[in-house]
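Take a look at the structure set out below.
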4 protein chains.
Amino acid sequence: MSNLYRPKLTQLPPDMLTLADYERRAPEFMPHPIFEYIDGGCGDDLTRNSNSSAFDRWQILPQSLQNFSRATTATRWFGQALPHPIALAPVAYQKLVHPQGELASAQAADALGALYCTSTLSSVTLEEIAPQVQQRWFQLYWQGNREQSLQLVRRAEASGYQAIMVTVDVPVNGLRQRPQRAGFQLPAGVRAVNLDTIATPGAQALDPGQSVILHGIMPAAPDWEDIRWLRQQTKLPLLLKGVLNPQDAARARDIGIDGLIVSNHGGRSLDGVASPMQMLAAIRQQCGEEMLLLVDSGVRRGTDVFKALALGANGVLIGRPLMYGLAIAGALGVAHTLKLLLEELEMTMALAGCPTLEEISAERLIKTF
Amino acid sequence: MSNLYRPKLTQLPPDMLTLADYERRAPEFMPHPIFEYIDGGCGDDLTRNSNSSAFDRWQILPQSLQNFSRATTATRWFGQALPHPIALAPVAYQKLVHPQGELASAQAADALGALYCTSTLSSVTLEEIAPQVQQRWFQLYWQGNREQSLQLVRRAEASGYQAIMVTVDVPVNGLRQRPQRAGFQLPAGVRAVNLDTIATPGAQALDPGQSVILHGIMPAAPDWEDIRWLRQQTKLPLLLKGVLNPQDAARARDIGIDGLIVSNHGGRSLDGVASPMQMLAAIRQQCGEEMLLLVDSGVRRGTDVFKALALGANGVLIGRPLMYGLAIAGALGVAHTLKLLLEELEMTMALAGCPTLEEISAERLIKTF
Amino acid sequence: MSNLYRPKLTQLPPDMLTLADYERRAPEFMPHPIFEYIDGGCGDDLTRNSNSSAFDRWQILPQSLQNFSRATTATRWFGQALPHPIALAPVAYQKLVHPQGELASAQAADALGALYCTSTLSSVTLEEIAPQVQQRWFQLYWQGNREQSLQLVRRAEASGYQAIMVTVDVPVNGLRQRPQRAGFQLPAGVRAVNLDTIATPGAQALDPGQSVILHGIMPAAPDWEDIRWLRQQTKLPLLLKGVLNPQDAARARDIGIDGLIVSNHGGRSLDGVASPMQMLAAIRQQCGEEMLLLVDSGVRRGTDVFKALALGANGVLIGRPLMYGLAIAGALGVAHTLKLLLEELEMTMALAGCPTLEEISAERLIKTF
Amino acid sequence: MSNLYRPKLTQLPPDMLTLADYERRAPEFMPHPIFEYIDGGCGDDLTRNSNSSAFDRWQILPQSLQNFSRATTATRWFGQALPHPIALAPVAYQKLVHPQGELASAQAADALGALYCTSTLSSVTLEEIAPQVQQRWFQLYWQGNREQSLQLVRRAEASGYQAIMVTVDVPVNGLRQRPQRAGFQLPAGVRAVNLDTIATPGAQALDPGQSVILHGIMPAAPDWEDIRWLRQQTKLPLLLKGVLNPQDAARARDIGIDGLIVSNHGGRSLDGVASPMQMLAAIRQQCGEEMLLLVDSGVRRGTDVFKALALGANGVLIGRPLMYGLAIAGALGVAHTLKLLLEELEMTMALAGCPTLEEISAERLIKTF
């Protein structure tokens, strides 16, 4: 582990002006295979790359001369007051880039009043993370069966997590060929500590001619019946993470799901899928005004946040930027990353003529021509 | 200041054939941070760059064999006769690139019969500029409150300016990251001299959790009520500069505004906004035939002027090209820049079969395929 | 011949993860003119290149949380059970890249349960190939007249081939300028051995002013009457290979053709023709649900297979990838190539929520934006 | 003049397979300023470049299994039988690249049965060119007034030219900035010899404030009245060259014009105008089936010829390729250029399933996607 971490910055140089600056400098702060693991999408990175360019399909049509005396970025999610709509995504294994891992990023979130999402695959236990940050949700990867999955939910409830998000877009790990080519593997000392007490299901025996993917792995993935069952088990708000399909959104609503993370897992699951920004408006239309919709995958600028809100999102999550901030300057870097994005959002609201989040509507966008 | 200015050209080399030639050579004639300040847009320069490419979305569909016995580029704006529809935009701080600053560019405008727009942020006083040029308008940046703003208008009236244009697209300065990275700051001796007598409003005290942008700066920006008030204060034609939204155009007309500059501030205010050429036709449709519509942001060729007129503009303004002409060859360079653009416009009218500006209509354009 | 073959790999290096890896390394394993012959399309390679990019015009819209207990890639073509829908295209002259030629690739197909298509221009006789592989079809190039063409069909029937596909998109060889520039010619010992017993038609004498192409070559090409006649001669399923036109598809169905290979010959026949993926949906719509539709030309990823099936294909064929696998590692390379593509298809089905081929429908696609 | 000409090839190397090969090698065979004059368009070469890419907006949708027993490329223009629809455009000053100039290219046209168009600005007299080639038309640049223009028409009639085409798209020379930057001027001994006996109109005196372009040059350009008058003066078929506008096409038909060359002068007149291929179908629709429509500007491949015919053209003209063939190998090079293009057209007809020009219809095209 001693070689894993490069010294972190304790002061931010003046040319760290944007999230792109963090991304540009991130390779200096971690071994190449880890950078490939974090930065890479899957397959040919088509979806990873189109996630960002999807935002450019809209331009902003400002409104002049609005009165800003009531201006604010504040919002409420499931009754919780938040100073702004930017949250940290549930990124796995944060100790890959910083010895404090999730503890540091949770502290940064807390400093900015941002929601923190703890991953099932966090490298610090969900119980240790909980006290670091007031606004916290727990991300659940289904653990092969209902009982084991529920164990994690119960632990999250016990630690005061305020909502549960179940990831539904990675029933099998995507073809992450960039880290594979770079020889990535988890370093000693970085592991999914939440699962230390969960029995790993034994590999299923396959008949000749059976497929590892279709017959070995997929049977352990959750289906709609499992989600319907889980909905009965907890009183916490329940979200699905990784929904792109408007029909899935409607189905989720119909079984009592409270919110969705419209996402393609940062382009890390299936290369060639649509981008969240492509589906967002249809999903909002399909699932109605009540459901909480968050977006991730490609958010890098305040104008991106603005566009997501204009198309129907209630907020956004950032994943890779969290890891780059953490790698470069620990909690300071994550907090600065959040602050840069928030200030860009404020700037966009000021210049587009939207004093509040509610006024950020589709009328403020026009298709790029 | 001695290092600020490179020697100017006193003769124009034969390869200065286009505005692009000026742009290409401009970096030789000024320190790098100043070039970045002038040339840069904001954010990722997306809007700055799309301003130019937006013109390429239309091609010209010529009309053959027209009779040119009545041919002319002449026009009238607010009753003033102008020999052509190309004006100089109100660029700030022109002493950044030439010791005479605005005086030289105003003289160049006068030599070509072009309208000159004096900026609130000019580095020579509006009173000194006035005698240099017959056709002159004054650009107003709102000065925190009505009284201070009106002071500037009264001075412009007293100096014989023939119209007032209020900039509405920069209530807060955009994220101009190129000059920021280059370490740009105003050199000693270059300042907004018009404001020497205007009291700078003290910084507003912010509560914890308040936003510098939303709560510190935006309250000093004008709103529609301020503009409605200003409209009552002067008999000069009043224009709004920086309108992109057709609904704003209609609202402006309804409160008695006489003209608009359809502009995104050369891509220097909010990166990701629409381009003037994208909104122009809708704005003309929304505000009717009476209103004077000028366009800036990306005009570099006579065909660009032609296309703007075809989509409903009465004329265009050039900003960066003015600064490059001034930096390279002073008044001579600005005059040559105007002349090149005017000759290209004449060439376009000849080859497209439009003997007068009135005949430049949307029928002469076709969407590029 | 001794210089023709580079030593083959007997173990696959860990960075051979995709069909693109095979393509990238293929030039090391064959003389340059042969690579140009295989890799090249024709003309300016416009169609060759757009074949691949055509797949990118659709993105996948996954369906979440499907139950995979019945998951399988199995299918049936003309009543034959196949474990998956990926077949080897009838590539000519496979001894160009491997001393065993078609024998090795047929064995690889058999190992993976894949259909093998023997070319009229195979460099091993169709009779020798037949015992190597259970699922086998014969590809017919019309041989100048009905009698000679029928000879080949009779031999295929006698050797237990289970279907006949007549190529209709190369009545004259395309302008394959890449191999022409590289000086490609068939090496000694590589020839179309199936035709050893077929009399080459003598060159037709041309009048002055007659065209070699239109009057010398084209009269020997088959027309619809010939196909109608051939349909009467054999009880085997009969397919046309190289159809792009929906009206041709309907006409084929009307005269009793059983299936089509929607193809532009990998962009090797006429540069500038449409891509199979562009025409596929219209062809399926025109010829109805009964006809077997296979697609080739540009299939390189499991997502490509998925998209072809979603638009109406029953399966796909791969051509160049077969040759690269064969050149690099013989039967092992071809088998690995098939396996990579199949696993990518399984991965795509898992992540897109389609447990069976029947569930891969156009609803799982969305036009890329 | 001794330095003007590089030795010509007397045998064509085997890698001269396409018109692009001629273009690629042309710079070796002429001084750089002459290459810039020929190869350049005008302005930023936007239109020059989009002329070629416009062809790529359509792909070919072949028809399989057609009977080719009646196949031919023959056609008739104004009653004249032509073996194929490819003609040589009226390129000026052909002695720029070959000492025999127009004599050599006319001979090449004759050898291939192609129509030859003599330019008003030919560097060999129209009388000397006439005996070299059977199929010949004369291109007229209006000479300031009706009388002088008619002189040229009368000479063409006397020399047996079979039609007159009046160029209407260059009333003033475009901004040809590539040759201007390269210092191009006509070498001694190369001049428009047809005009030796035509009095050059004296420069018109301009008032102050008048425009050289609009008031100095344009009054000498022809208008519709002049064309109507010219139509009365000759019994030869009369065509307009340089029409892009469907309304101009209809107007031409209404005053008895027999044909049009749909062209933007190879992108050499006004940068930013539409491409012929963009307007062709609308022009055919507007002017009806009777009018002869030829296309130039960007034709480089047999598939380009095919696409032009499919959209309504009766044939095509090539300009720059003529000059490159002439520069590289004299009459041999021009003849080879014509032959390459013709064979590509035959190949396209064979592979697209069109035995005759009449069968090349819009149904054989599909918009590129």
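Residue numbering restarts at 1 in every chain; chains get A, B, ... in the order shown in the structure tokens, and ligands count up from 1 in that same order.
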Can you list, as a ChimeraX atom specification, all residues belonging to segment 255-326 of chain A that DSSP tags as strand (DSSP E or B)? /A:259-262,273,292-295,315-318
What would the file look like if the residues just selected were written as a compact mmCIF listing (two decimals), in the first residue's frame with all heavy atoms?
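Saved file selection_12.txt follows:
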```txt
# COMPACT_ATOMS: atom_id res chain seq x y z
N GLY A 259 -37.96 7.12 -6.17
CA GLY A 259 -37.10 7.95 -7.00
C GLY A 259 -36.22 7.10 -7.90
O GLY A 259 -36.13 5.88 -7.75
N LEU A 260 -35.61 7.75 -8.86
CA LEU A 260 -34.75 7.06 -9.82
C LEU A 260 -33.45 7.83 -9.98
O LEU A 260 -33.45 9.07 -9.93
CB LEU A 260 -35.42 6.99 -11.20
CG LEU A 260 -36.79 6.30 -11.28
CD1 LEU A 260 -37.33 6.45 -12.71
CD2 LEU A 260 -36.68 4.83 -10.89
N ILE A 261 -32.38 7.11 -10.21
CA ILE A 261 -31.17 7.74 -10.71
C ILE A 261 -31.08 7.36 -12.18
O ILE A 261 -30.84 6.21 -12.54
CB ILE A 261 -29.91 7.32 -9.93
CG1 ILE A 261 -29.92 7.98 -8.55
CG2 ILE A 261 -28.66 7.81 -10.66
CD1 ILE A 261 -30.72 7.26 -7.55
N VAL A 262 -31.33 8.34 -13.03
CA VAL A 262 -31.24 8.13 -14.48
C VAL A 262 -29.76 8.13 -14.83
O VAL A 262 -29.07 9.13 -14.64
CB VAL A 262 -32.00 9.24 -15.23
CG1 VAL A 262 -31.94 8.99 -16.73
CG2 VAL A 262 -33.43 9.32 -14.74
N VAL A 273 -25.21 1.92 -24.98
CA VAL A 273 -26.54 2.31 -24.49
C VAL A 273 -26.73 3.81 -24.62
O VAL A 273 -25.78 4.57 -24.77
CB VAL A 273 -26.78 1.88 -23.01
CG1 VAL A 273 -26.72 0.38 -22.87
CG2 VAL A 273 -25.81 2.57 -22.08
N LEU A 292 -38.77 11.55 -7.52
CA LEU A 292 -37.50 12.25 -7.47
C LEU A 292 -36.58 11.66 -8.55
O LEU A 292 -36.34 10.46 -8.58
CB LEU A 292 -36.84 12.08 -6.09
CG LEU A 292 -35.61 12.97 -5.88
CD1 LEU A 292 -36.04 14.40 -5.52
CD2 LEU A 292 -34.70 12.39 -4.83
N LEU A 293 -36.10 12.52 -9.42
CA LEU A 293 -35.21 12.07 -10.50
C LEU A 293 -33.85 12.72 -10.35
O LEU A 293 -33.73 13.95 -10.41
CB LEU A 293 -35.79 12.45 -11.87
CG LEU A 293 -37.05 11.76 -12.34
CD1 LEU A 293 -37.34 12.18 -13.79
CD2 LEU A 293 -36.92 10.25 -12.24
N LEU A 294 -32.84 11.91 -10.18
CA LEU A 294 -31.47 12.42 -10.18
C LEU A 294 -30.77 11.87 -11.42
O LEU A 294 -31.14 10.84 -11.96
CB LEU A 294 -30.73 11.98 -8.91
CG LEU A 294 -31.43 12.34 -7.60
CD1 LEU A 294 -30.56 11.93 -6.41
CD2 LEU A 294 -31.75 13.84 -7.54
N VAL A 295 -29.74 12.58 -11.86
CA VAL A 295 -29.02 12.17 -13.07
C VAL A 295 -27.54 12.08 -12.76
O VAL A 295 -27.00 12.94 -12.06
CB VAL A 295 -29.24 13.22 -14.19
CG1 VAL A 295 -28.26 13.02 -15.32
CG2 VAL A 295 -30.66 13.15 -14.70
N GLY A 315 -31.93 16.84 -9.45
CA GLY A 315 -30.55 17.07 -9.05
C GLY A 315 -29.63 16.13 -9.80
O GLY A 315 -30.06 15.38 -10.66
N VAL A 316 -28.35 16.21 -9.46
CA VAL A 316 -27.34 15.41 -10.16
C VAL A 316 -26.40 14.77 -9.15
O VAL A 316 -26.30 15.21 -8.00
CB VAL A 316 -26.50 16.27 -11.12
CG1 VAL A 316 -27.39 16.98 -12.15
CG2 VAL A 316 -25.65 17.27 -10.37
N LEU A 317 -25.71 13.73 -9.63
CA LEU A 317 -24.63 13.12 -8.85
C LEU A 317 -23.36 13.15 -9.68
O LEU A 317 -23.41 13.03 -10.90
CB LEU A 317 -24.94 11.66 -8.51
CG LEU A 317 -26.15 11.34 -7.64
CD1 LEU A 317 -27.42 11.30 -8.46
CD2 LEU A 317 -25.96 10.02 -6.90
N ILE A 318 -22.23 13.31 -9.00
CA ILE A 318 -20.96 13.22 -9.71
C ILE A 318 -20.15 12.05 -9.15
O ILE A 318 -20.09 11.83 -7.94
CB ILE A 318 -20.13 14.52 -9.61
CG1 ILE A 318 -19.98 14.99 -8.16
CG2 ILE A 318 -20.79 15.63 -10.43
CD1 ILE A 318 -18.99 16.16 -8.01
```
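By only C-alpha atoms, and with residues fewer than 4 positions from segment 125-139 of chain A along its chain excluded, the set lying at most 8 Å from it is Pro90, Glu102, Leu103, Ala106, Gln107, Ala109, Asp110, Gly113, Ala114, Leu115, Tyr116, Cys117, Thr118, Ser119, Thr120, Val153, Arg155, Ala156, Ser159, Gly160, Tyr161, Gln162, Ala163, Ile164, Met165, Val166, Thr167, Val193 and Asn194 of chain A.
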Taking the chain letters and numbering used in this document, name the residues of segment 91-207 of chain A that DSSP puts in alpha helix (DSSP H), as a PyMOL selection string. chain A and resi 102-111+126-129+146-158+177-182
Taking 4 positions as the minimum chain separation for residues in the same chain, which residues sit within 8 Å of segment 240-250 of chain C when counting only C-alpha atoms? Answer as number ranges by chain. C: 165-169, 254, 257, 259-265, 274-276, 279-280, 282-284, 286-287; D: 61-64
Expected file: the selected residues, C-alpha atoms, as an mmCIF file, in the first residue's frame:
```cif
data_model
loop_
_atom_site.group_PDB
_atom_site.id
_atom_site.type_symbol
_atom_site.label_atom_id
_atom_site.label_comp_id
_atom_site.auth_asym_id
_atom_site.auth_seq_id
_atom_site.Cartn_x
_atom_site.Cartn_y
_atom_site.Cartn_z
ATOM 1 C CA MET C 165 -26.829 -19.167 -51.203
ATOM 2 C CA VAL C 166 -26.407 -17.474 -54.581
ATOM 3 C CA THR C 167 -24.375 -14.295 -54.548
ATOM 4 C CA VAL C 168 -26.150 -11.580 -56.542
ATOM 5 C CA ASP C 169 -24.162 -8.446 -55.759
ATOM 6 C CA ASP C 254 -42.501 -14.306 -54.401
ATOM 7 C CA ILE C 257 -36.508 -17.952 -52.165
ATOM 8 C CA GLY C 259 -33.729 -16.518 -47.166
ATOM 9 C CA LEU C 260 -31.533 -13.504 -47.813
ATOM 10 C CA ILE C 261 -28.140 -12.347 -46.745
ATOM 11 C CA VAL C 262 -28.553 -8.593 -46.406
ATOM 12 C CA SER C 263 -25.088 -7.480 -47.366
ATOM 13 C CA ASN C 264 -23.035 -5.180 -49.521
ATOM 14 C CA HIS C 265 -20.217 -7.688 -49.762
ATOM 15 C CA ALA C 274 -26.163 1.718 -48.665
ATOM 16 C CA SER C 275 -25.258 -0.327 -45.620
ATOM 17 C CA PRO C 276 -27.157 -3.455 -44.599
ATOM 18 C CA MET C 279 -31.961 -1.305 -45.198
ATOM 19 C CA LEU C 280 -32.591 -4.166 -42.810
ATOM 20 C CA ALA C 282 -37.384 -2.105 -44.493
ATOM 21 C CA ILE C 283 -36.390 -5.475 -45.914
ATOM 22 C CA ARG C 284 -37.898 -7.332 -42.978
ATOM 23 C CA GLN C 286 -41.216 -5.984 -47.053
ATOM 24 C CA CYS C 287 -40.530 -9.708 -47.022
ATOM 25 C CA LEU D 61 -29.564 1.381 -53.577
ATOM 26 C CA PRO D 62 -28.825 -1.289 -56.173
ATOM 27 C CA GLN D 63 -31.297 -3.477 -57.944
ATOM 28 C CA SER D 64 -30.253 -7.090 -58.286
#
```
Got a sec: who's within 12 Å of Thr200 of chain C, counting only C-alpha atoms, leaving out chain neighbours fewer than 6 positions off, as a PyMOL selection string? chain C and resi 142-145+148-149+192+220
As a check of understanding: the span from atom CA of Ala20 of chain D to atom CA of Arg25 of chain C is 29.7 Å
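Atom CA of Gly189 of chain D is found 19.3 Å from atom CA of Lys8 of chain D.
Counting only C-alpha atoms, the residue from A:Glu157, A:Asp21, A:Glu28, A:Asp44 that sits nearest to chain B is A:Asp21.
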List the neighbours of Leu338 of chain D out to 12 Å using only C-alpha atoms; skip same-chain residues closer than 5 positions along the sequence, and give me the result as a PyMOL selection string. chain D and resi 17-19+22+84-89+105-106+108-116+299-302+305+316-319+321-326+331-333+343-345
Output C-alpha atoms for every residue in that selection, as a PDB file, in the first residue's frame.
```
ATOM      1  CA  LEU D  17      -6.297   4.519 -61.311  1.00  0.00           C
ATOM      2  CA  THR D  18      -8.642   7.356 -60.465  1.00  0.00           C
ATOM      3  CA  LEU D  19      -9.216  11.048 -61.047  1.00  0.00           C
ATOM      4  CA  TYR D  22      -4.357  12.838 -61.238  1.00  0.00           C
ATOM      5  CA  HIS D  84     -21.835   8.591 -73.107  1.00  0.00           C
ATOM      6  CA  PRO D  85     -22.925  11.544 -70.953  1.00  0.00           C
ATOM      7  CA  ILE D  86     -19.521  12.889 -69.860  1.00  0.00           C
ATOM      8  CA  ALA D  87     -18.349  16.178 -71.366  1.00  0.00           C
ATOM      9  CA  LEU D  88     -15.401  18.511 -70.964  1.00  0.00           C
ATOM     10  CA  ALA D  89     -16.218  21.814 -69.261  1.00  0.00           C
ATOM     11  CA  SER D 105      -7.958  18.459 -74.882  1.00  0.00           C
ATOM     12  CA  ALA D 106     -10.301  18.811 -77.859  1.00  0.00           C
ATOM     13  CA  ALA D 108      -8.893  13.828 -76.430  1.00  0.00           C
ATOM     14  CA  ALA D 109     -12.605  14.586 -76.276  1.00  0.00           C
ATOM     15  CA  ASP D 110     -12.956  13.566 -79.887  1.00  0.00           C
ATOM     16  CA  ALA D 111     -11.174  10.290 -79.301  1.00  0.00           C
ATOM     17  CA  LEU D 112     -13.689   9.393 -76.614  1.00  0.00           C
ATOM     18  CA  GLY D 113     -16.699  10.774 -78.468  1.00  0.00           C
ATOM     19  CA  ALA D 114     -17.125  13.356 -75.726  1.00  0.00           C
ATOM     20  CA  LEU D 115     -18.597  16.813 -76.107  1.00  0.00           C
ATOM     21  CA  TYR D 116     -16.022  19.596 -75.957  1.00  0.00           C
ATOM     22  CA  VAL D 299     -17.777  15.217 -60.302  1.00  0.00           C
ATOM     23  CA  ARG D 300     -14.828  12.888 -59.671  1.00  0.00           C
ATOM     24  CA  ARG D 301     -16.205   9.344 -59.660  1.00  0.00           C
ATOM     25  CA  GLY D 302     -18.478   7.245 -61.819  1.00  0.00           C
ATOM     26  CA  VAL D 305     -22.108  10.756 -62.541  1.00  0.00           C
ATOM     27  CA  VAL D 316     -22.001  15.985 -66.481  1.00  0.00           C
ATOM     28  CA  LEU D 317     -19.005  18.166 -67.258  1.00  0.00           C
ATOM     29  CA  ILE D 318     -15.558  17.915 -65.719  1.00  0.00           C
ATOM     30  CA  GLY D 319     -13.294  20.949 -65.323  1.00  0.00           C
ATOM     31  CA  PRO D 321      -9.825  16.914 -63.950  1.00  0.00           C
ATOM     32  CA  LEU D 322      -9.454  18.006 -67.578  1.00  0.00           C
ATOM     33  CA  MET D 323      -6.695  20.416 -66.549  1.00  0.00           C
ATOM     34  CA  TYR D 324      -4.882  17.805 -64.460  1.00  0.00           C
ATOM     35  CA  GLY D 325      -5.020  15.227 -67.224  1.00  0.00           C
ATOM     36  CA  LEU D 326      -3.736  17.803 -69.684  1.00  0.00           C
ATOM     37  CA  ALA D 331      -4.218  14.596 -74.848  1.00  0.00           C
ATOM     38  CA  LEU D 332      -3.371  11.144 -73.531  1.00  0.00           C
ATOM     39  CA  GLY D 333      -4.021  12.277 -69.977  1.00  0.00           C
ATOM     40  CA  GLU D 343     -15.574   2.885 -67.001  1.00  0.00           C
ATOM     41  CA  GLU D 344     -16.519   3.777 -63.459  1.00  0.00           C
ATOM     42  CA  LEU D 345     -19.939   4.820 -64.723  1.00  0.00           C
TER      43      LEU D 345
END
```
Between atom CA of Arg24 of chain C and atom CA of Gly40 of chain A, measure the distance and give it in Å to one decimal. 20.5 Å
Might you pull out every residue within 9 Å of Glu358 of chain D, with only C-alpha atoms counted and same-chain residues fewer than 5 positions away left off, and present them as a list in words? Thr75, Leu309 and Ala310 of chain D
Identify all chain A residues at most 9 Å from chain B by counting only C-alpha atoms; ligands do not count. Present them as an NGL selection string. :A and (14-15 or 17-18 or 56 or 58-73 or 83 or 301 or 303 or 343-344 or 346-352 or 355 or 365-369)
Give me, as a list in words, all polymer residues having an atom no more than 8 Å from Gly298 of chain D, counting only C-alpha atoms and skipping those fewer than 3 positions away in the same chain. Arg48, Asn51, Ser52, Gly266 and Ile318 of chain D
